[in-house]
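A.B. asks: The structure follows.
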Amino acid sequence: MSIEKNELRRVMGHFATGVTIITTISKDGTPYGLTANAFMSVSLEPPLLLISVDKKAESYPYFEQSRVFTVNILRDDQEALSRKFAVSGGNKFEGVAYHRGANNVPILEDTLAHIECRLYATYDGGDHTLYLGEVLEAQTREGKPLLFYRGGYRSFSE
Ligand SMILES: Cc1cc2nc3c(=O)[nH]c(=O)nc-3n(C[C@H](O)[C@H](O)[C@H](O)COP(=O)(O)O)c2cc1C
């Protein structure tokens, strides 16, 4: 007997994570992005990381189309930005400060870090697809991380 969907979501919510916005582009360079916490470091040589994208997400087709994406790790004052990118569709980039990276993908301003990737491998993950990205460029900034735990945004206290 397999676990019920809401129960699995509840249990997995006990694993505290940071919050990212993963950005990508369509063939004509239009920016797309979604809030994501399914993100992990995988390999140092070659430098690889993993993300998991819902096949029903509007931004889903553009990861394989462009074969480039950027992981933007959010700061604790970027909860509103996270909420904006967690709503499906529309022009999420209107009023959002960003510049284009070397891969032409949007890098959001004032995040804790960003990691520019090119698609290295793709794996089926049920209702999601797992994208392994090869890291091209990365940069960090000062600040504290935005956290997500048991279905709510949290902040880090030292
Ligand atoms: C904290 C948080 C983490 C999320 N993590 C993921 C994730 O790892 N992968 C994913 O596909 N969606 C994730 N989502 C849901 C997407 O952000 C949401 O479905 C979004 O509307 C997709 O946008 P799109 O349809 O415009 O591409 C997460 C949402 C929140 C609030």
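The chains in the structure tokens are called A, B, ... from first to last as shown; in each chain the residues are counted from 1, and the ligands are counted from 1 in the order shown.
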Using only C-alpha atoms and all ligand atoms, what are the residues with an atom within 9 Å of ligand 1, set out as an MDAnalysis selection string?

C.D. replies: chainID A and resid 17:22 32:39 51:60 82:92 128:129 147:149 151:153

A.B. asks: Taking the backbone alone, and naming residues the way the document does, which bits of chain A are helix (DSSP H, G or I) by DSSP, as a VMD selection string?

C.D. replies: chain A and resid 5 to 12 60 to 66 79 to 85

A.B. asks: Restricting the output to C-alpha atoms, write the selected residues as a PDB file, in the first residue's frame.

C.D. replies:
ATOM      1  CA  LYS A   5      -0.399  12.188  -1.471  1.00  0.00           C
ATOM      2  CA  ASN A   6      -1.217  14.790   1.222  1.00  0.00           C
ATOM      3  CA  GLU A   7       0.395  12.642   3.901  1.00  0.00           C
ATOM      4  CA  LEU A   8       3.588  12.360   1.826  1.00  0.00           C
ATOM      5  CA  ARG A   9       3.590  16.159   1.354  1.00  0.00           C
ATOM      6  CA  ARG A  10       3.099  16.646   5.124  1.00  0.00           C
ATOM      7  CA  VAL A  11       5.915  14.246   6.042  1.00  0.00           C
ATOM      8  CA  MET A  12       8.349  15.674   3.455  1.00  0.00           C
ATOM      9  CA  TYR A  60       8.520  23.076 -17.707  1.00  0.00           C
ATOM     10  CA  PRO A  61       9.015  22.886 -21.518  1.00  0.00           C
ATOM     11  CA  TYR A  62      11.632  25.624 -21.560  1.00  0.00           C
ATOM     12  CA  PHE A  63      14.275  23.749 -19.552  1.00  0.00           C
ATOM     13  CA  GLU A  64      14.851  21.235 -22.350  1.00  0.00           C
ATOM     14  CA  GLN A  65      14.206  23.790 -25.089  1.00  0.00           C
ATOM     15  CA  SER A  66      16.929  26.194 -23.969  1.00  0.00           C
ATOM     16  CA  GLU A  79       9.418  35.961   0.639  1.00  0.00           C
ATOM     17  CA  ALA A  80       7.163  38.145  -1.579  1.00  0.00           C
ATOM     18  CA  LEU A  81       9.346  37.276  -4.593  1.00  0.00           C
ATOM     19  CA  SER A  82       9.070  33.584  -3.713  1.00  0.00           C
ATOM     20  CA  ARG A  83       5.266  33.856  -3.508  1.00  0.00           C
ATOM     21  CA  LYS A  84       5.157  35.657  -6.861  1.00  0.00           C
ATOM     22  CA  PHE A  85       7.116  32.903  -8.628  1.00  0.00           C
TER      23      PHE A  85
END

A.B. asks: Neighbours of Arg75 of chain A within 7 Å (only C-alpha atoms; same-chain residues fewer than 5 positions away dropped), as a list in words?

C.D. replies: Thr111, Leu112, Gly143, Lys144, Pro145 and Leu146 of chain A

A.B. asks: Can you list, as number ranges by chain, all residues belonging to segment 24-61 of chain A that DSSP tags as strand (DSSP E)?

C.D. replies: A: 24-25, 31-36, 39-43, 48-54

A.B. asks: May I ask which of the residues A:Val68, A:Ile107, A:Leu136, A:Val96 is the closest one to Ser26 of chain A, counting only C-alpha atoms?

C.D. replies: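 Looking at the shortest contact to Ser26 of chain A, the residue is A:Val68.
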
A.B. asks: Restricting the calculation to only C-alpha atoms: of A:Arg150, A:Met1, A:Gly95, A:Val71, which residue gets closest to Ser41 of chain A?

C.D. replies: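 The closest residue to Ser41 of chain A is A:Val71.
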
A.B. asks: For Val135 of chain A, work out the shell of residues within 7 Å, counting only C-alpha atoms and skipping chain neighbours fewer than 6 positions away, then give it as a compact mmCIF listing (two decimals) with C-alpha atoms, in the first residue's frame.

C.D. replies:
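Now in around.txt:
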# COMPACT_ATOMS: atom_id res chain seq x y z
CA PRO A 47 30.37 20.32 -10.90
CA LEU A 48 26.74 19.13 -10.96
CA ILE A 115 24.36 29.39 -9.94
CA GLU A 116 24.31 29.36 -13.75
CA CYS A 117 23.98 25.93 -15.36
CA ARG A 118 23.72 24.15 -18.65

A.B. asks: Just checking: using only C-alpha atoms, which residue out of A:Arg154, A:Arg67, A:His99, A:Arg141 ends up closest to Ala121 of chain A?

C.D. replies: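 Of the candidates, the smallest distance to Ala121 of chain A is held by A:Arg67.
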
A.B. asks: Provide the atom CA of Leu108 of chain A to atom CA of Ser155 of chain A distance in Å, to one decimal place.

C.D. replies: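 Interatomic distance here is 19.9 Å.
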
A.B. asks: As number ranges by chain, please: the residues near Val105 of chain A (cut-off 8 Å, only C-alpha atoms, same-chain neighbours under 6 positions excluded).

C.D. replies: A: 23-25, 29, 31, 68-70

A.B. asks: Store the residues of this selection in a file with C-alpha atoms, as an mmCIF file, in the first residue's frame.

C.D. replies:
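File written: selection33.cif
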data_model
loop_
_atom_site.group_PDB
_atom_site.id
_atom_site.type_symbol
_atom_site.label_atom_id
_atom_site.label_comp_id
_atom_site.auth_asym_id
_atom_site.auth_seq_id
_atom_site.Cartn_x
_atom_site.Cartn_y
_atom_site.Cartn_z
ATOM 1 C CA THR A 23 14.993 30.774 -14.046
ATOM 2 C CA THR A 24 15.232 29.717 -17.667
ATOM 3 C CA ILE A 25 14.360 31.068 -21.129
ATOM 4 C CA GLY A 29 14.842 34.518 -24.951
ATOM 5 C CA PRO A 31 12.291 34.598 -19.311
ATOM 6 C CA VAL A 68 20.170 26.375 -19.685
ATOM 7 C CA PHE A 69 18.893 27.442 -16.263
ATOM 8 C CA THR A 70 19.975 29.450 -13.227
#

A.B. asks: From the options A:Asp76, A:Glu137, A:Asp127, A:Glu4, which residue's atoms come nearest to Asn103 of chain A, counting only C-alpha atoms?

C.D. replies: A:Glu137

A.B. asks: Looking at only C-alpha atoms, which of A:Thr140, A:Ser43, A:Asn72, A:Ser157 is the one that sits closest to Tyr120 of chain A?

C.D. replies: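 Nearest candidate to Tyr120 of chain A out of A:Thr140, A:Ser43, A:Asn72, A:Ser157: A:Ser43.
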